[in-house]
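Structure file input-v9.cif with mmCIF, C-alpha atoms:
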data_protein
#
loop_
_atom_site.group_PDB
_atom_site.id
_atom_site.type_symbol
_atom_site.label_atom_id
_atom_site.label_comp_id
_atom_site.auth_asym_id
_atom_site.auth_seq_id
_atom_site.Cartn_x
_atom_site.Cartn_y
_atom_site.Cartn_z
ATOM 1 C CA MET A 1 -125.652 43.557 -4.679
ATOM 2 C CA THR A 2 -126.273 40.176 -6.221
ATOM 3 C CA GLY A 3 -124.111 37.997 -8.416
ATOM 4 C CA ASN A 4 -121.162 39.488 -10.296
ATOM 5 C CA ARG A 5 -122.961 42.672 -11.308
ATOM 6 C CA HIS A 6 -120.691 45.672 -10.867
ATOM 7 C CA PRO A 7 -122.319 48.603 -9.037
ATOM 8 C CA ALA A 8 -121.275 51.181 -11.674
ATOM 9 C CA GLN A 9 -120.579 51.763 -15.359
ATOM 10 C CA TYR A 10 -117.394 53.501 -16.469
ATOM 11 C CA ALA A 11 -116.334 55.314 -19.613
ATOM 12 C CA VAL A 12 -113.214 57.287 -20.490
ATOM 13 C CA LYS A 13 -113.140 59.993 -23.128
ATOM 14 C CA ASN A 14 -110.501 62.703 -23.596
ATOM 15 C CA HIS A 15 -108.931 62.039 -20.176
ATOM 16 C CA THR A 16 -112.326 62.342 -18.480
ATOM 17 C CA LEU A 17 -113.621 59.437 -16.410
ATOM 18 C CA TYR A 18 -117.404 59.047 -16.308
ATOM 19 C CA ILE A 19 -118.732 56.972 -13.419
ATOM 20 C CA LYS A 20 -122.401 56.013 -13.363
ATOM 21 C CA PRO A 21 -123.267 54.174 -10.145
ATOM 22 C CA SER A 22 -126.562 52.323 -9.928
ATOM 23 C CA GLY A 23 -128.667 51.515 -6.918
ATOM 24 C CA ASP A 24 -127.567 52.616 -3.474
ATOM 25 C CA LEU A 25 -124.191 54.302 -3.141
ATOM 26 C CA ASP A 26 -123.396 52.845 0.254
ATOM 27 C CA HIS A 27 -120.912 50.697 2.152
ATOM 28 C CA HIS A 28 -122.059 47.585 0.266
ATOM 29 C CA ASN A 29 -120.677 48.713 -3.106
ATOM 30 C CA VAL A 30 -118.399 51.730 -2.625
ATOM 31 C CA GLU A 31 -115.195 49.684 -2.350
ATOM 32 C CA GLN A 32 -115.665 48.136 -5.809
ATOM 33 C CA ILE A 33 -116.331 51.554 -7.330
ATOM 34 C CA ARG A 34 -113.370 53.120 -5.515
ATOM 35 C CA THR A 35 -110.959 50.423 -6.662
ATOM 36 C CA ARG A 36 -112.046 50.537 -10.309
ATOM 37 C CA ALA A 37 -112.138 54.349 -10.419
ATOM 38 C CA ASP A 38 -108.676 54.700 -8.873
ATOM 39 C CA ASN A 39 -107.209 52.178 -11.311
ATOM 40 C CA LEU A 40 -108.758 53.947 -14.299
ATOM 41 C CA MET A 41 -107.607 57.345 -13.043
ATOM 42 C CA VAL A 42 -103.998 56.134 -13.084
ATOM 43 C CA GLU A 43 -104.152 53.987 -16.236
ATOM 44 C CA CYS A 44 -105.882 56.621 -18.369
ATOM 45 C CA GLU A 45 -104.223 59.766 -16.973
ATOM 46 C CA ILE A 46 -107.586 61.201 -15.943
ATOM 47 C CA ASN A 47 -107.823 64.970 -15.404
ATOM 48 C CA SER A 48 -111.628 65.296 -15.105
ATOM 49 C CA LEU A 49 -114.154 63.162 -13.287
ATOM 50 C CA VAL A 50 -117.917 63.091 -13.843
ATOM 51 C CA PHE A 51 -120.288 61.239 -11.526
ATOM 52 C CA ASP A 52 -123.645 60.517 -13.184
ATOM 53 C CA PHE A 53 -126.187 59.980 -10.402
ATOM 54 C CA GLU A 54 -129.171 59.211 -12.660
ATOM 55 C CA ALA A 55 -129.572 55.687 -11.254
ATOM 56 C CA VAL A 56 -128.747 56.504 -7.598
ATOM 57 C CA ASP A 57 -131.613 56.807 -5.121
ATOM 58 C CA PHE A 58 -129.648 56.713 -1.869
ATOM 59 C CA MET A 59 -126.184 57.640 -0.665
ATOM 60 C CA ASP A 60 -124.714 57.247 2.818
ATOM 61 C CA SER A 61 -121.443 58.357 4.411
ATOM 62 C CA ALA A 62 -119.524 55.738 2.410
ATOM 63 C CA GLY A 63 -120.745 57.379 -0.810
ATOM 64 C CA ILE A 64 -119.720 60.782 0.505
ATOM 65 C CA GLY A 65 -116.296 59.328 1.326
ATOM 66 C CA LEU A 66 -116.017 57.898 -2.186
ATOM 67 C CA ILE A 67 -116.615 61.327 -3.699
ATOM 68 C CA MET A 68 -114.263 63.095 -1.266
ATOM 69 C CA GLY A 69 -111.467 60.624 -1.936
ATOM 70 C CA ARG A 70 -111.759 60.974 -5.708
ATOM 71 C CA TYR A 71 -111.915 64.763 -5.259
ATOM 72 C CA ARG A 72 -108.609 64.736 -3.379
ATOM 73 C CA LYS A 73 -106.994 62.614 -6.078
ATOM 74 C CA ILE A 74 -108.281 64.637 -9.032
ATOM 75 C CA MET A 75 -107.560 68.024 -7.436
ATOM 76 C CA GLY A 76 -104.062 66.871 -6.504
ATOM 77 C CA SER A 77 -103.294 66.757 -10.222
ATOM 78 C CA GLY A 78 -105.124 69.993 -11.038
ATOM 79 C CA GLY A 79 -108.244 68.265 -12.347
ATOM 80 C CA LYS A 80 -111.960 68.987 -12.167
ATOM 81 C CA MET A 81 -114.966 67.098 -10.835
ATOM 82 C CA LYS A 82 -118.659 67.291 -11.689
ATOM 83 C CA ALA A 83 -121.943 65.596 -10.771
ATOM 84 C CA VAL A 84 -124.787 65.252 -13.276
ATOM 85 C CA SER A 85 -128.331 63.872 -13.259
ATOM 86 C CA VAL A 86 -128.609 64.455 -9.533
ATOM 87 C CA LYS A 87 -132.043 63.562 -8.145
ATOM 88 C CA PRO A 88 -133.504 65.743 -5.365
ATOM 89 C CA VAL A 89 -132.872 63.144 -2.644
ATOM 90 C CA VAL A 90 -129.183 62.859 -3.615
ATOM 91 C CA MET A 91 -128.937 66.635 -4.085
ATOM 92 C CA ARG A 92 -129.955 67.086 -0.436
ATOM 93 C CA ILE A 93 -127.175 64.745 0.660
ATOM 94 C CA LEU A 94 -124.629 66.600 -1.486
ATOM 95 C CA LYS A 95 -125.760 69.931 -0.029
ATOM 96 C CA TYR A 96 -125.896 68.805 3.614
ATOM 97 C CA SER A 97 -122.473 67.164 3.342
ATOM 98 C CA GLY A 98 -120.916 70.260 1.755
ATOM 99 C CA LEU A 99 -119.956 68.416 -1.435
ATOM 100 C CA TYR A 100 -121.811 70.985 -3.518
ATOM 101 C CA GLN A 101 -118.993 73.398 -2.608
ATOM 102 C CA ILE A 102 -116.257 71.285 -4.193
ATOM 103 C CA MET A 103 -117.871 70.185 -7.440
ATOM 104 C CA ASP A 104 -120.145 71.449 -10.178
ATOM 105 C CA ILE A 105 -123.588 69.879 -9.873
ATOM 106 C CA ASN A 106 -126.288 69.621 -12.539
ATOM 107 C CA GLY A 107 -129.763 68.480 -11.531
ATOM 108 C CA ALA A 108 -131.850 65.686 -12.936
ATOM 109 C CA ASP A 109 -132.152 67.363 -16.340
ATOM 110 C CA GLY A 110 -128.410 67.778 -16.911
ATOM 111 C CA GLY A 111 -127.341 64.184 -17.414
ATOM 112 C CA MET A 112 -124.675 62.645 -19.610
ATOM 113 C CA SER A 113 -125.167 59.206 -20.995
ATOM 114 C CA ILE A 114 -122.241 56.825 -20.736
#

Taking this structure as input, can you express it in the form of structure tokens?
Amino acid sequence: MTGNRHPAQYAVKNHTLYIKPSGDLDHHNVEQIRTRADNLMVECEINSLVFDFEAVDFMDSAGIGLIMGRYRKIMGSGGKMKAVSVKPVVMRILKYSGLYQIMDINGADGGMSI
């Protein structure tokens, strides 16, 4: 990551938090996303979370941890979680990690713009 560019875009609508990471979802940028997402989840009383993976080409264990942590938080309050615009390379990671079992996933044609 270069400069002050944040590694994700965020939007809140009807108590749903949309997170659209860009670039690699790895240990270099997960902490910034985690911090901002957790703050928004509390501030905006979020009960649904949507990850838009349209601009993500790679995800490592830190990205998996980011998703798992937000899953625990959202499910703790009875919420829902979803992934959209998932490219095949990221879909493989979600499947191999077991994340496909805890969230609804729409492939590359099911995106939401935020």

Inset, instruction - Expand the PyMOL selection byres ((chain A and resi 36) around 12) into the individual residues it matches in the shown file, reporting them as a PyMOL selection string. - result: chain A and resi 6-11+17-19+21+29-35+37-44+66+70

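Across the structure, atom CA of Ser97 of chain A and atom CA of Ser77 of chain A are spaced 23.5 Å apart.
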
Legend entry - Using only C-alpha atoms: which of A:Ala55, A:Val86, A:Met103, A:Ile93 has the shortest distance to Ile74 of chain A: A:Met103

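Look at Ser61 of chain A: the protein and nucleic acid residues within 12 Å of it, using only C-alpha atoms and passing over chain neighbours fewer than 6 places away, are Asp24, Leu25, Asp26, His27, His28, Val30, Ile67, Met68, Ile93, Leu94, Tyr96, Ser97 and Leu99 of chain A.
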
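Between atom CA of His15 of chain A and atom CA of Ile46 of chain A lies a distance of 4.5 Å.
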
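The two atoms in question, atom CA of Gly23 of chain A and atom CA of Asp104 of chain A, are spaced 21.9 Å apart.
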
Legend entry - Selection under test: the PyMOL selection byres ((chain A and resi 51) around 8); residues as JSON, numbers by chain: {"A": [18, 19, 20, 21, 49, 50, 52, 53, 81, 82, 83, 84]}

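Among the candidates A:Asn106, A:Arg72, A:Val12, A:Gly98, the residue lying nearest to Glu54 of chain A is A:Asn106 (atoms considered: all atoms listed in the file).
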
Legend entry - Expected selection from the PyMOL selection byres ((chain A and resi 87-89) around 7), given as a PyMOL selection string: chain A and resi 54+57+85-86+90-93+107-108

Now that the selection is made, can you save its residues with C-alpha atoms as a PDB file, keeping the file's coordinate frame?
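Resulting contents of selection.pdb:
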ATOM      1  CA  GLU A  54    -129.171  59.211 -12.660  1.00  0.00           C
ATOM      2  CA  ASP A  57    -131.613  56.807  -5.121  1.00  0.00           C
ATOM      3  CA  SER A  85    -128.331  63.872 -13.259  1.00  0.00           C
ATOM      4  CA  VAL A  86    -128.609  64.455  -9.533  1.00  0.00           C
ATOM      5  CA  VAL A  90    -129.183  62.859  -3.615  1.00  0.00           C
ATOM      6  CA  MET A  91    -128.937  66.635  -4.085  1.00  0.00           C
ATOM      7  CA  ARG A  92    -129.955  67.086  -0.436  1.00  0.00           C
ATOM      8  CA  ILE A  93    -127.175  64.745   0.660  1.00  0.00           C
ATOM      9  CA  GLY A 107    -129.763  68.480 -11.531  1.00  0.00           C
ATOM     10  CA  ALA A 108    -131.850  65.686 -12.936  1.00  0.00           C
TER      11      ALA A 108
END

Final N, CA and C atoms of segment 8-28 of chain A as a PDB file, keeping the file's coordinate frame:
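Listed below is the output, selection27.pdb:
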ATOM      1  N   ALA A   8    -121.406  49.950 -10.891  1.00  0.00           N
ATOM      2  CA  ALA A   8    -121.275  51.181 -11.674  1.00  0.00           C
ATOM      3  C   ALA A   8    -120.829  50.857 -13.095  1.00  0.00           C
ATOM      4  N   GLN A   9    -121.102  51.805 -13.992  1.00  0.00           N
ATOM      5  CA  GLN A   9    -120.579  51.763 -15.359  1.00  0.00           C
ATOM      6  C   GLN A   9    -119.495  52.818 -15.452  1.00  0.00           C
ATOM      7  N   TYR A  10    -118.518  52.588 -16.317  1.00  0.00           N
ATOM      8  CA  TYR A  10    -117.394  53.501 -16.469  1.00  0.00           C
ATOM      9  C   TYR A  10    -117.153  53.763 -17.946  1.00  0.00           C
ATOM     10  N   ALA A  11    -116.740  54.970 -18.259  1.00  0.00           N
ATOM     11  CA  ALA A  11    -116.334  55.314 -19.613  1.00  0.00           C
ATOM     12  C   ALA A  11    -115.226  56.351 -19.502  1.00  0.00           C
ATOM     13  N   VAL A  12    -114.291  56.305 -20.446  1.00  0.00           N
ATOM     14  CA  VAL A  12    -113.214  57.287 -20.490  1.00  0.00           C
ATOM     15  C   VAL A  12    -113.214  57.923 -21.864  1.00  0.00           C
ATOM     16  N   LYS A  13    -113.200  59.253 -21.874  1.00  0.00           N
ATOM     17  CA  LYS A  13    -113.140  59.993 -23.128  1.00  0.00           C
ATOM     18  C   LYS A  13    -112.348  61.273 -22.890  1.00  0.00           C
ATOM     19  N   ASN A  14    -111.323  61.492 -23.693  1.00  0.00           N
ATOM     20  CA  ASN A  14    -110.501  62.703 -23.596  1.00  0.00           C
ATOM     21  C   ASN A  14    -110.018  62.966 -22.167  1.00  0.00           C
ATOM     22  N   HIS A  15    -109.480  61.951 -21.534  1.00  0.00           N
ATOM     23  CA  HIS A  15    -108.931  62.039 -20.176  1.00  0.00           C
ATOM     24  C   HIS A  15    -109.976  62.413 -19.127  1.00  0.00           C
ATOM     25  N   THR A  16    -111.248  62.170 -19.448  1.00  0.00           N
ATOM     26  CA  THR A  16    -112.326  62.342 -18.480  1.00  0.00           C
ATOM     27  C   THR A  16    -112.896  60.973 -18.151  1.00  0.00           C
ATOM     28  N   LEU A  17    -113.025  60.685 -16.868  1.00  0.00           N
ATOM     29  CA  LEU A  17    -113.621  59.437 -16.410  1.00  0.00           C
ATOM     30  C   LEU A  17    -115.057  59.709 -16.015  1.00  0.00           C
ATOM     31  N   TYR A  18    -115.979  58.979 -16.628  1.00  0.00           N
ATOM     32  CA  TYR A  18    -117.404  59.047 -16.308  1.00  0.00           C
ATOM     33  C   TYR A  18    -117.738  57.821 -15.464  1.00  0.00           C
ATOM     34  N   ILE A  19    -118.320  58.053 -14.312  1.00  0.00           N
ATOM     35  CA  ILE A  19    -118.732  56.972 -13.419  1.00  0.00           C
ATOM     36  C   ILE A  19    -120.231  57.093 -13.218  1.00  0.00           C
ATOM     37  N   LYS A  20    -120.944  56.021 -13.517  1.00  0.00           N
ATOM     38  CA  LYS A  20    -122.401  56.013 -13.363  1.00  0.00           C
ATOM     39  C   LYS A  20    -122.789  54.878 -12.411  1.00  0.00           C
ATOM     40  N   PRO A  21    -122.844  55.189 -11.106  1.00  0.00           N
ATOM     41  CA  PRO A  21    -123.267  54.174 -10.145  1.00  0.00           C
ATOM     42  C   PRO A  21    -124.751  53.855 -10.332  1.00  0.00           C
ATOM     43  N   SER A  22    -125.142  52.670  -9.889  1.00  0.00           N
ATOM     44  CA  SER A  22    -126.562  52.323  -9.928  1.00  0.00           C
ATOM     45  C   SER A  22    -126.958  51.720  -8.591  1.00  0.00           C
ATOM     46  N   GLY A  23    -128.188  52.000  -8.205  1.00  0.00           N
ATOM     47  CA  GLY A  23    -128.667  51.515  -6.918  1.00  0.00           C
ATOM     48  C   GLY A  23    -128.208  52.422  -5.802  1.00  0.00           C
ATOM     49  N   ASP A  24    -127.991  51.845  -4.630  1.00  0.00           N
ATOM     50  CA  ASP A  24    -127.567  52.616  -3.474  1.00  0.00           C
ATOM     51  C   ASP A  24    -126.054  52.804  -3.495  1.00  0.00           C
ATOM     52  N   LEU A  25    -125.614  54.007  -3.246  1.00  0.00           N
ATOM     53  CA  LEU A  25    -124.191  54.302  -3.141  1.00  0.00           C
ATOM     54  C   LEU A  25    -123.858  54.274  -1.651  1.00  0.00           C
ATOM     55  N   ASP A  26    -123.588  53.050  -1.176  1.00  0.00           N
ATOM     56  CA  ASP A  26    -123.396  52.845   0.254  1.00  0.00           C
ATOM     57  C   ASP A  26    -122.234  51.900   0.509  1.00  0.00           C
ATOM     58  N   HIS A  27    -122.049  51.524   1.764  1.00  0.00           N
ATOM     59  CA  HIS A  27    -120.912  50.697   2.152  1.00  0.00           C
ATOM     60  C   HIS A  27    -120.900  49.331   1.469  1.00  0.00           C
ATOM     61  N   HIS A  28    -122.008  48.885   0.925  1.00  0.00           N
ATOM     62  CA  HIS A  28    -122.059  47.585   0.266  1.00  0.00           C
ATOM     63  C   HIS A  28    -121.344  47.584  -1.081  1.00  0.00           C
TER      64      HIS A  28
END
